[in-house]
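Colleague: Can you keep this structure in mind? I'll have questions shortly.
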Amino acid sequence: MTLDLFAENNKNNQNNNQNKAAENAALRIEEIRKLIEGHNYRYYVLDEPHISDATYDQLMKELITLEQQFPQFYSNVSPSQKVGAKVKAGFSTVAHEVSMLSLDNAFNDQDMFDFSKRIDNRINNKTILKFACEPKLDGIAVSLLYKNGELVRGATRGDGSTGEDITENVRAIQNIPLRLMGEGYPETLEVRGEIYMPKKSFELLNELAQKQGTKKYVNPRNAASGSVRQLDARITGQRKLEMCAYSVGLVEGEGLKQTHSEILYQLKNWGIKINEHMQIVEGVEGCLEYFKLLSTIRNDLGYEIDGVVFKVDDLNLQQRLGFVSRAPRWAISHKFPAQEENTIVEKVEFQVGRTGAVTPVARLKPVFVGGVTVSNVTLHNMDEVARLDLFEQDVVAISRAGDVIPKVMMNLTSQYMQNTSERELDQSYELFRTANHIKVEAPTKCPVCEGKVIRLDGEAVYRCTNILECSAQKSESFKHFVSRKALDIDGLGEKLIEVLVDNKQLKHFDDLFSLDVNQLADLDRMAQKSAQNVLDAIERSKATTLQRFIYALGIREVGVATANNLVLHFLNLETIMLANKEQLLEVDDIGPVVADYILQFFEVESNSLLIKKLATILSWPDVVKQEGLPLTGQSWVVTGKLSIMSRDEVKDKLQSLGAKVAGSVSKNTHTLVAGEKAGSKLSKAQTLGITVLDEQQFIDWLEQLEA
Ligand code: IVH
């Protein structure tokens with residue numbers, strides 16, 4: 001071999017080696033891309049993560065290193081490219097090949113019957129139609145264009161015909177695949193859906209904004225919309241958005257099935273998230289049932305929905321039905337009642353509670369929100385008033401979600417005055433302040449007894465200091481003492497208590513038990529018969545439970561659950577009264593603050609004298625030690641109308657068997673006892689697959705247990 005030939009040979013070998021290395025790299029790169037895509041799919045679409053974050057990060061690192069070493073294998077759809085590109089100057093426009101329509105709305109059952117009738121008439125239908133039902137996600141509509149399985153364009157809905165090009169932004173959203181999985185998808189496939197921000201991500205984002213002193217978003221929808229339209233797509237990527245598909249737009253080539261629901265399942269198989277609550281139902285009745293079901297689980301979902309959408313499932317029928325103006329005839333959205341409305345704060349008044357806490361309450365121009373009319377809303381304390389920068393006559397946004405108490409979300413007038421308003425101006429109200437707007441200030445005197453009001457260090461609330469004489473504090477203590485979860489004295493209403501307290505006929509709790517018919521009947525508008533009814537109820541309340549009695553005393557921070565824990569721990573009144581701090585801290589849920597309140601309460605001599613007196617008037621069964629009780633550790637819920645036992649009897653029974661009785665159904669609920677007309681709690685339990693007993697089944701079960 002000549003020297004030349006040797007060199008030639010050597011070079012060939014080198015080239016071969018290099019080719020081999022590149023070949024291997026190409027294989028490994030594709031392998032890792034598929035692995036990562038598979039993990040993304042499990043995590044974002046199936047919600048079943050399979051590997052640890054660390055392993056995932058390691059794969060990603062390996063991929064990025066290989067792609068840097070072998071730039072010839074760069075791909076725009078590699079999962080390593082989901083980071084968001086550099087900042088853009090603005091968004092260009094995109095013309096939608098197939099218009100992005102909106103939906104007609106139904107607000108009640110009748111609207112739904114009309115919708116179905118219109119369909120039947122139009123296609124002369126005599127059968128029961130199948131509808132696909134989905135939650136109406138509260139985010140922003142998006143179009144994702146896939147060509148040969150690769151994501152080539154993302155766009156907003158815009159006016160339906162033209163939207164904005166947000167390709168870089170959608171590429172940065174974690175659950176949007178850059179290429180489809182599997183096979184069989186049409187050459188051109190436009191996936192449509194909603195981009196939304198899960199409630200958790202929204203809270204975290206606003207917490208961060210609070211810490212950094214930057215702008216907070218009003219709600220998850222605004223946050224999603226603001227995050228998607230970031231000129232720096234890296235920010236979009238950090239915002240933890242999700243996309244969920246609900247239809248397709250432009251389709252070229254074969255591959256799609258013939259019903260809406262089957263197409264959604266196809267999308268899911270190709271790696272696109274669809275909503276887990278999609279369901280097929282029959283006829284309007286099925287739709288209305290679905291609406292009810294979603295209304296009950298709405299607040300437990302991890303994202304906001306503002307209604308449900310019903311679509312004729314069969315694509316042939318959809319085609320025959322067509323469109324009217326900008327909405328299809330084959331679909332409708334059934335909206336939930338608005339959960340947020342604007343109204344005027346006409347006045348702010350201060351209420352005095354049994355512990356002297358002076359609470360500001362806003363009196364509103366009545367407003368219908370979340371299915372009820374709201375005229376009063378608590379403002380909690382003066383810190384909240386300051387947060388809202390509240391003046392009387394300001395326009396505020398009130399929200400009421402499900403069973404949650406109404407809340408003032410924001411002060412539109414204040415935002416307007418400070419020029420920080422995030423939302424479009426509310427056309428129905430003037431937002432600027434005039435001389436009629438009065439700043440809400442903390443009172444210096446108790447609005448009831450005129451006693452001095454102070455704010456203690458470290459407390460958010462102001463308190464009336466006139467503990468012994470303030471009639472508001474006294475009335476509130478009596479109201480609490482007789483309330484349903486305490487001594488449960490039916491018929492002794494709030495007004496009557498206030499009169500008796502004002503007349504000084506009720507000073508201490510034991511005065512209740514020495515009232516006589518004539519004393520009551522002398523009061524305005526009180527007939528002899530009703531007076532006797534009240535006395536009978538007082539008499540009946542003497543047979544009670546120790547837990548109810550402890551709760552009735554109104555010790556600060558000792559609610560039903562704490563009273564129950566105290567009783568189960570110490571078993572009798574004397575031991576509770578004698579417990580020292582160390583012993584109190586051994587009780588479930590009692591921390592140093594509550595322990596101090598309990599100690600302070602029993603230290604006051606007049607309190608312990610009163611308790612001793614009451615203990616001779618009232619009676620309660622002995623408390624048995626809890627260990628080994630049949631229902632220890634279980635959480636039960638009681639709902640609906642019971643006819644054999646009272647609801648409180650059922651609760652007392654369950655507690656005596658060791659169960660905790662909770663107010664609402666959750667996945668931790670063991671059993672629901674449901675009487676007649678049980679509403680949302682029953683449907684929720686059914687959805688969650690929780691055992692439900694009706695009243696008779698419960699009684700049979702009790703008998704067996706106690707046999
Ligand atoms: S279907 C032709 N399904 O609601 C049908 N829309 O009011 C087009 N939306 O712009 C829409 N969840 O952004 C459909 N499951 C869902 C939806 C949904 C939310 C939004 C969508 C649309 C608006 C129409």
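Going through the structure tokens in order, the chains are called A, B, and so on, while each chain numbers its residues from 1 and the ligands are numbered from 1 in the order shown.
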Kindly provide, as JSON, numbers by chain, all nucleotide and amino acid residues lying within 8 Å of ligand 1, counting only C-alpha atoms and all ligand atoms.

Modeller: {"A": [100, 101, 102, 103, 104, 105, 133, 134, 135, 136, 137, 138, 139, 140, 141, 142, 157, 193, 194, 245, 246, 247, 275, 305, 308, 309, 310, 311, 327, 328, 331, 333]}

Colleague: Could you write out, as a PyMOL selection string, all the residues of stretch 440-551 of chain A that DSSP marks as alpha helix (DSSP H)?

Modeller: chain A and resi 471-482+494-502+517-521+528-540+546-551

Colleague: Please produce a file of those selected residues containing N, CA and C atoms, as a tab-separated table (two decimals), in the first residue's frame.

Modeller:
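New file selection36.tsv:
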chain	number	residue	atom	x	y	z
A	471	SER	N	-75.77	45.42	75.04
A	471	SER	CA	-76.93	44.54	74.81
A	471	SER	C	-76.76	43.75	73.52
A	472	ALA	N	-75.99	44.29	72.58
A	472	ALA	CA	-75.78	43.54	71.34
A	472	ALA	C	-75.00	42.26	71.64
A	473	GLN	N	-73.94	42.39	72.45
A	473	GLN	CA	-73.14	41.20	72.78
A	473	GLN	C	-74.00	40.18	73.53
A	474	LYS	N	-74.83	40.71	74.42
A	474	LYS	CA	-75.69	39.83	75.22
A	474	LYS	C	-76.69	39.10	74.32
A	475	SER	N	-77.38	39.87	73.47
A	475	SER	CA	-78.37	39.25	72.59
A	475	SER	C	-77.71	38.20	71.71
A	476	GLU	N	-76.54	38.53	71.17
A	476	GLU	CA	-75.86	37.58	70.28
A	476	GLU	C	-75.47	36.32	71.05
A	477	SER	N	-75.06	36.47	72.31
A	477	SER	CA	-74.70	35.29	73.11
A	477	SER	C	-75.93	34.40	73.32
A	478	PHE	N	-77.08	35.05	73.61
A	478	PHE	CA	-78.31	34.26	73.78
A	478	PHE	C	-78.72	33.59	72.48
A	479	LYS	N	-78.59	34.32	71.38
A	479	LYS	CA	-78.97	33.72	70.08
A	479	LYS	C	-78.12	32.48	69.83
A	480	HIS	N	-76.86	32.59	70.16
A	480	HIS	CA	-75.96	31.45	69.97
A	480	HIS	C	-76.36	30.31	70.92
A	481	PHE	N	-76.66	30.66	72.16
A	481	PHE	CA	-77.00	29.65	73.18
A	481	PHE	C	-78.21	28.80	72.76
A	482	VAL	N	-79.19	29.45	72.10
A	482	VAL	CA	-80.42	28.71	71.76
A	482	VAL	C	-80.38	28.17	70.34
A	494	GLU	N	-84.96	35.65	67.11
A	494	GLU	CA	-83.98	36.72	67.36
A	494	GLU	C	-84.62	37.96	67.95
A	495	LYS	N	-85.78	38.34	67.39
A	495	LYS	CA	-86.45	39.57	67.85
A	495	LYS	C	-86.83	39.44	69.32
A	496	LEU	N	-87.42	38.27	69.65
A	496	LEU	CA	-87.87	38.05	71.03
A	496	LEU	C	-86.69	38.13	72.00
A	497	ILE	N	-85.58	37.53	71.60
A	497	ILE	CA	-84.39	37.59	72.47
A	497	ILE	C	-83.97	39.05	72.68
A	498	GLU	N	-83.97	39.83	71.59
A	498	GLU	CA	-83.53	41.23	71.72
A	498	GLU	C	-84.43	41.99	72.68
A	499	VAL	N	-85.75	41.74	72.57
A	499	VAL	CA	-86.68	42.43	73.48
A	499	VAL	C	-86.41	42.00	74.92
A	500	LEU	N	-86.27	40.70	75.15
A	500	LEU	CA	-86.06	40.20	76.51
A	500	LEU	C	-84.75	40.73	77.10
A	501	VAL	N	-83.72	40.85	76.23
A	501	VAL	CA	-82.44	41.38	76.72
A	501	VAL	C	-82.59	42.87	77.03
A	502	ASP	N	-83.27	43.59	76.12
A	502	ASP	CA	-83.46	45.03	76.37
A	502	ASP	C	-84.27	45.27	77.64
A	517	VAL	N	-94.96	32.16	81.69
A	517	VAL	CA	-95.91	32.47	80.61
A	517	VAL	C	-96.33	33.94	80.66
A	518	ASN	N	-96.60	34.44	81.84
A	518	ASN	CA	-97.10	35.81	81.92
A	518	ASN	C	-96.07	36.82	81.48
A	519	GLN	N	-94.81	36.57	81.89
A	519	GLN	CA	-93.73	37.47	81.47
A	519	GLN	C	-93.70	37.56	79.94
A	520	LEU	N	-93.80	36.38	79.30
A	520	LEU	CA	-93.73	36.36	77.83
A	520	LEU	C	-94.99	36.95	77.21
A	521	ALA	N	-96.11	36.56	77.77
A	521	ALA	CA	-97.38	36.98	77.17
A	521	ALA	C	-97.59	38.48	77.33
A	528	GLN	N	-100.86	34.02	74.39
A	528	GLN	CA	-100.63	33.07	75.48
A	528	GLN	C	-100.12	31.73	74.93
A	529	LYS	N	-100.76	31.33	73.81
A	529	LYS	CA	-100.44	30.03	73.21
A	529	LYS	C	-98.97	30.00	72.74
A	530	SER	N	-98.56	31.05	72.04
A	530	SER	CA	-97.18	31.05	71.55
A	530	SER	C	-96.22	31.14	72.73
A	531	ALA	N	-96.60	31.89	73.74
A	531	ALA	CA	-95.75	32.00	74.92
A	531	ALA	C	-95.54	30.60	75.51
A	532	GLN	N	-96.62	29.84	75.58
A	532	GLN	CA	-96.51	28.48	76.13
A	532	GLN	C	-95.61	27.61	75.24
A	533	ASN	N	-95.75	27.78	73.91
A	533	ASN	CA	-94.91	27.00	72.99
A	533	ASN	C	-93.43	27.27	73.24
A	534	VAL	N	-93.10	28.54	73.46
A	534	VAL	CA	-91.71	28.89	73.71
A	534	VAL	C	-91.24	28.21	75.00
A	535	LEU	N	-92.09	28.29	76.03
A	535	LEU	CA	-91.70	27.66	77.30
A	535	LEU	C	-91.53	26.15	77.16
A	536	ASP	N	-92.41	25.53	76.36
A	536	ASP	CA	-92.29	24.08	76.15
A	536	ASP	C	-90.95	23.76	75.47
A	537	ALA	N	-90.61	24.60	74.50
A	537	ALA	CA	-89.34	24.36	73.79
A	537	ALA	C	-88.17	24.52	74.75
A	538	ILE	N	-88.26	25.51	75.63
A	538	ILE	CA	-87.17	25.71	76.61
A	538	ILE	C	-87.08	24.47	77.51
A	539	GLU	N	-88.24	23.98	77.92
A	539	GLU	CA	-88.29	22.81	78.79
A	539	GLU	C	-87.63	21.61	78.10
A	540	ARG	N	-88.01	21.41	76.81
A	540	ARG	CA	-87.44	20.26	76.08
A	540	ARG	C	-85.93	20.35	75.95
A	546	LEU	N	-73.58	16.94	76.30
A	546	LEU	CA	-72.50	17.76	76.84
A	546	LEU	C	-71.83	18.57	75.73
A	547	GLN	N	-71.75	17.94	74.56
A	547	GLN	CA	-71.11	18.62	73.42
A	547	GLN	C	-71.89	19.88	73.03
A	548	ARG	N	-73.24	19.76	72.99
A	548	ARG	CA	-74.08	20.92	72.66
A	548	ARG	C	-73.92	22.01	73.72
A	549	PHE	N	-73.87	21.58	74.99
A	549	PHE	CA	-73.76	22.55	76.08
A	549	PHE	C	-72.45	23.33	75.99
A	550	ILE	N	-71.35	22.62	75.76
A	550	ILE	CA	-70.05	23.30	75.67
A	550	ILE	C	-70.04	24.28	74.50
A	551	TYR	N	-70.61	23.83	73.38
A	551	TYR	CA	-70.67	24.71	72.21
A	551	TYR	C	-71.52	25.95	72.52

Colleague: When distances are computed from only C-alpha atoms, which of A:Ala552, A:Ala22, A:Cys446, A:Val170 shows the smallest separation from A:Asp488?

Modeller: A:Ala552

Colleague: To one decimal in Å, tell me the separation between atom CA of A:Val385 and atom CA of A:Ile467.

Modeller: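 Those two atoms sit 25.1 Å apart.
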
Colleague: Considering only C-alpha atoms, tabulate each residue of stretch 506-566 of chain A that lies at most 10 Å from stretch 575-598 of chain A along with its nearest interatomic pair and the corresponding distance in Å to one decimal; arrange the rows by chain and ascending residue number and present them as a tab-separated table.

Modeller:
residue	atom	partner	partner_atom	distance
A:Ile550	CA	A:Ile576	CA	9.5
A:Ile555	CA	A:Ile598	CA	6.5
A:Arg556	CA	A:Tyr597	CA	6.1
A:Glu557	CA	A:Val594	CA	6.2
A:Val558	CA	A:Val594	CA	7.4
A:Ala561	CA	A:Asp589	CA	8.8
A:Thr562	CA	A:Asp589	CA	7.0
A:Asn564	CA	A:Asp588	CA	9.8
A:Asn565	CA	A:Asp588	CA	6.3
A:Leu566	CA	A:Val587	CA	6.5

Colleague: Could you give me, as a list in words, each residue of stretch 542-664 of chain A that DSSP assigns to strand (DSSP E) when run on this structure's backbone?

Modeller: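 Restricting stretch 542-664 of chain A to strand (DSSP E) produces Ser635, Trp636, Val637, Val638, Thr639, Lys660, Val661 and Ala662 of chain A.
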
Colleague: Could the residues in this selection be written to a file with N, CA and C atoms, as an mmCIF file, in the first residue's frame?

Modeller:
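Here's the written file again_4.cif:
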data_model
loop_
_atom_site.group_PDB
_atom_site.id
_atom_site.type_symbol
_atom_site.label_atom_id
_atom_site.label_comp_id
_atom_site.auth_asym_id
_atom_site.auth_seq_id
_atom_site.Cartn_x
_atom_site.Cartn_y
_atom_site.Cartn_z
ATOM 1 N N SER A 635 -66.054 9.833 58.092
ATOM 2 C CA SER A 635 -66.737 11.111 57.966
ATOM 3 C C SER A 635 -68.078 10.866 57.267
ATOM 4 N N TRP A 636 -69.186 11.261 57.911
ATOM 5 C CA TRP A 636 -70.528 11.056 57.360
ATOM 6 C C TRP A 636 -71.164 12.403 57.066
ATOM 7 N N VAL A 637 -72.120 12.387 56.145
ATOM 8 C CA VAL A 637 -72.875 13.613 55.854
ATOM 9 C C VAL A 637 -74.365 13.253 55.878
ATOM 10 N N VAL A 638 -75.172 14.151 56.439
ATOM 11 C CA VAL A 638 -76.623 13.926 56.480
ATOM 12 C C VAL A 638 -77.290 15.040 55.686
ATOM 13 N N THR A 639 -78.226 14.667 54.787
ATOM 14 C CA THR A 639 -78.881 15.704 53.985
ATOM 15 C C THR A 639 -80.328 15.323 53.690
ATOM 16 N N LYS A 660 -67.300 11.423 62.435
ATOM 17 C CA LYS A 660 -67.331 12.875 62.313
ATOM 18 C C LYS A 660 -68.488 13.169 61.378
ATOM 19 N N VAL A 661 -69.270 14.217 61.666
ATOM 20 C CA VAL A 661 -70.359 14.562 60.763
ATOM 21 C C VAL A 661 -69.993 15.869 60.069
ATOM 22 N N ALA A 662 -69.809 15.769 58.762
ATOM 23 C CA ALA A 662 -69.352 16.940 58.013
ATOM 24 C C ALA A 662 -70.525 17.608 57.310
#

Colleague: Excluding same-chain residues fewer than 2 positions from A:Arg171, what lies within 10 Å of it counting only C-alpha atoms, as a ChimeraX atom specification?

Modeller: /A:76-77,79,81-85,144,151-154,166-169,173-178,233-234,236-237
